[in-house]
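Heads up: the structure comes next, in structure tokens.
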Amino acid sequence: MARLSDLLLPTERQPPADAEAISHQLMVRAGLVRQLGAGLWSWLPAGWRVHQRVVAIIREEMERIGSQEVLLPLLQPAEPWRRTGRYDAVGDEMFRLADRRDADMVLAMTHEEAMTHHVAQVVRSYRDLPFSLFQLQLKERDEPRPRAGVLRTREFVMKDAYSFAADVEGLEEQYARFREAYARIYDRSGLRWYEVESDTGMMGGRRAHEYMAPCAAGEDDVVLAVDEDGATRYAANVEVAEATAATVPLPAAGDGPRPVDTPGTATIAALAEQLDRPAGTLLKAFPVVVAERMALVLVRGDHQVEEVKLARALGGPVRQATEEEIGAAIGPAGFIGPVDPATPIRIVVDRAVVESTAASPDGGWVVGANVVDRHLDGVVPGRDFEHEVADVRRVVAGDTVEGLPVTIEPAIEAGNIFQLMTRYSEPLGATFLDADGEERPIIMGSYGIGPARIVAAAVEQYHDDRGISWPKAIAPWDVHVVALGKPGTEEQEVAARVATELEDAGLRVVLDDRAGGAGQKLTDAELLGCPLRITVGRRSLAAGTVEAQIRRGQEDVEGGLPLEGVADAVRDLWERIP
RNA sequence: CGGGGAGUGGCGCAGUCUGGUAGCGCACCCGGCUGGGGGCCGGGCGGUCGCAGGUUCAAAUCCUGUCUCCCCGACCA
């Protein structure tokens with residue numbers, strides 16, 4: 001049993017001045033973690049217990065689906081990273097160093113290369129497949145901006161798993177199993193979470209899902225559609241989300257584009273005001289460069305380009321065009337449009353624009369005229385300029401999916417899964433002979449979880465103005481026994497006895513046997529946030545009872561619990577709480 | 001990388017503009033009282049003011065350089 005009289009639990013009354021996120025403040029105040037440098041955090045005893053409980057859940061669920069635990073080096077030769085092309089591709093985010101013989105080394109930011117390397121050496125035949133490996137190992141990333149305590153750090157423990165299959169069906173099967181395991185992990189951790197479709201990003205591959213825990217400190221935005229029964233019907237990262245926008249009624253187009261003078265109105269807001277028209281009836285021109293080619297993207301004035309969707313639609317990394325490029329290829333910045341650009345360019349019109357055009361058969365839009373201080377009114381896509389159509393806008397709250405309006409919530413990405421396909425097996429020569437004796441690359445998947453993010457997300461989701469209230473599956477202790485009075489008193493003796501009984505009944509117990517005052521002990525208990533608090537003081541002792549409080553909601557058990565048989569009563573209470 | 005802010009005792013801060021022997025609250029140590037929501041009295045410990053250089057009779061304070069940390073944005077397998 002842990003006793004606060006000798007536990008290193010440095011609680012603080014005030015949060016560190018630079019802590020912004022609630023989880024950052026509370027985790028430091030509760031004595032769970034301490035900072036060593038930017039994005040570098042040490043876990044103190046109570047915090048590490050929480051982390052280890054999350055890890056234990058993850059390990060159990062990995063083993064349940066037959067994944068095998070391994071441990072690979074964090075320090076690695078650069079060679080395999082060169083072979084997959086990531087040595088050059090990832091840039092400054094990877095820590096690089098040289099050993100004493102001046103060989104290039106890296107600190108692993110993930111372990112695809114190393115895992116695939118070993119599997120390439122070992123797997124010969126389709127009979128060896130499928131299988132999966134996982135590890136709990138540090139990852140090192142030179143994040144441009146570490147922040148929010150333990151949420152975005154430069155060094156962190158990750159559970160990373162890799163699946164190896166002979167074909168896509170095998171991958172799909174493994175992928176499905178991991179999805180189930182992930183659902184169990186997040187459910188068991190007690191988090192509110194969503195599985196969302198996500199961008200495959202630089203990992204390449206086919207499908208990807210992210211596991212998002214909604215909370216204020218979230219760095220990502222999640223689009224959600226919930227039906228009348230409260231069931232989630234749609235969940236996607238805003239980077240890839242697709243939804244239907246309400247159409248805007250358009251004014252009549254007329255026979256062709258009409259020039260309008262618009263002095264000094266280089267922004268949509270200024271233009272909407274000057275023309276006295278809703279921004280949604282104007283077209284925003286977004287000039288980009290894809291694969292060294294200029295393209296002009298048009299979205300409704302009240303919409304925004306989502307660059308991740310755009311990159312997917314255009315088939316490659318996208319950057320905004322510079323003012324010089326815009327001037328040379330299209331027209332004066334601020335007044336560019338799809339009609340008569342300086343040079344012929346690719347024009348991409350967002351789907352919502354097409355939908356509104358279709359809904360107002362005679363309607364036209366306002367676009368830049370490619371002349372300073374001038375726009376064109378009554379412009380009709382297709383009639384007045386040629387274009388492609390793609391969904392490239394960012395979904396906004398109120399758009400609909402299956403008729404249901406969507407909301408957008410910030411969320412922490414607590415895990416992700418990818419279908420890697422042959423992104424790593426091919427360059428690293430991880431092949432096998434199939435039943436026909438043909439050599440084929442192994443089909444891979446990768447599956448990551450950051451335990452520290454589960455911890456921080458739990459704090460974000462479950463706290464009140466007094467402190468943390470842990471989900472019981474990951475609390476540092478199940479029961480916090482507060483012994484009022486100073487050491488040597490009856491309450492202290494009884495508290496110690498109760499604590500022992502609870503522990504014998506299978507509960508994890510921390511006993512506050514310190515000499516401090518009641519205020520300090522109760523405040524610390526609330527800060528630390530164990531699901532149950534048993535308070536032993538003179539007041540109730542006289543009645544032969546101890547006090548019990550459920551941390552979440554600070555709900556007191558009426559009349560306390562009888563001292564006689566207290567362990568059974570606490571166990572019953574324990575079963576009832578979330 | 002762009003913008004903003006901050007480094008003074010364990011935590012939170014004042015002092016810097018206008019140079020003159022470094023202060024407050026909490027925490028900590030000793031003694032006593034108190035003992036159900038951070039209580040009270042008395043006595044203490046602890047800081048080369050991030051670092052380096054410069055100006056000056058004198059630098060936390062002015063100047064130069066540098067390191068570190070935080071926030072917003074960019075970025076983020």
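Each chain in the structure tokens gets a letter, A, B, ..., in the order shown, and its residues are numbered from 1; ligands are numbered from 1 in order too.
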With a cut-off of 9 Å and counting only C-alpha atoms (C1' of nucleotides), select all residues of chain B in contact with chain A and give the selection as a ChimeraX atom specification.
/B:6,11-12,26,35-39,68-71,75-77
* Per-residue DSSP, segment 31-181 of chain A, filtered to strand (DSSP E or B), as a PyMOL selection string -> chain A and resi 33-37+40-43+68-69+75-77+96-98+104-107+125+131-140+147+152+155-165
Those selected residues, please, written with C-alpha atoms and delivered as a short mmCIF file (atom, residue, chain, number, x, y, z; two decimals), in the first residue's frame.
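Saved to part.cif:
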```cif
data_model
loop_
_atom_site.label_atom_id
_atom_site.label_comp_id
_atom_site.auth_asym_id
_atom_site.auth_seq_id
_atom_site.Cartn_x
_atom_site.Cartn_y
_atom_site.Cartn_z
CA VAL A 33 4.78 14.68 -14.14
CA ARG A 34 7.57 17.24 -14.21
CA GLN A 35 9.19 18.98 -17.13
CA LEU A 36 12.88 18.59 -17.93
CA GLY A 37 13.04 20.60 -21.15
CA LEU A 40 10.66 16.43 -22.43
CA TRP A 41 8.74 15.12 -19.46
CA SER A 42 9.55 12.92 -16.52
CA TRP A 43 6.89 10.76 -14.97
CA GLN A 68 3.64 -10.70 -30.25
CA GLU A 69 5.64 -8.29 -28.14
CA LEU A 75 19.15 4.22 -31.77
CA GLN A 76 19.40 3.02 -35.33
CA PRO A 77 21.72 3.13 -38.31
CA ARG A 96 20.24 12.60 -36.38
CA LEU A 97 23.67 11.94 -35.00
CA ALA A 98 26.96 10.28 -35.83
CA ASP A 104 25.17 8.23 -39.63
CA MET A 105 22.68 7.24 -36.97
CA VAL A 106 19.15 8.31 -36.12
CA LEU A 107 16.87 8.21 -33.11
CA SER A 125 7.09 -18.35 -47.46
CA PHE A 131 1.38 -12.38 -38.09
CA SER A 132 1.86 -9.15 -36.21
CA LEU A 133 4.43 -7.71 -33.82
CA PHE A 134 4.15 -4.93 -31.33
CA GLN A 135 6.36 -3.09 -28.88
CA LEU A 136 6.18 -0.41 -26.22
CA GLN A 137 9.13 1.75 -26.99
CA LEU A 138 10.19 5.38 -26.98
CA LYS A 139 9.86 7.51 -30.05
CA GLU A 140 11.98 10.58 -30.64
CA ARG A 147 3.14 21.91 -26.27
CA ARG A 152 2.87 16.88 -27.81
CA GLU A 155 10.10 11.91 -26.61
CA PHE A 156 7.24 9.61 -25.73
CA VAL A 157 6.33 6.00 -25.29
CA MET A 158 4.36 4.54 -28.15
CA LYS A 159 2.75 1.21 -28.60
CA ASP A 160 3.49 0.50 -32.22
CA ALA A 161 2.35 -2.64 -33.96
CA TYR A 162 2.99 -3.91 -37.47
CA SER A 163 1.06 -6.54 -39.35
CA PHE A 164 2.43 -8.71 -42.12
CA ALA A 165 0.18 -10.48 -44.60
#
```
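For the pair atom C1' of G3 of chain B and atom CA of Pro287 of chain A, the separation is 24.8 Å.
Atom CA of Ala411 of chain A to atom CA of Ile22 of chain A spans 13.8 Å [interatomic distance, one decimal].
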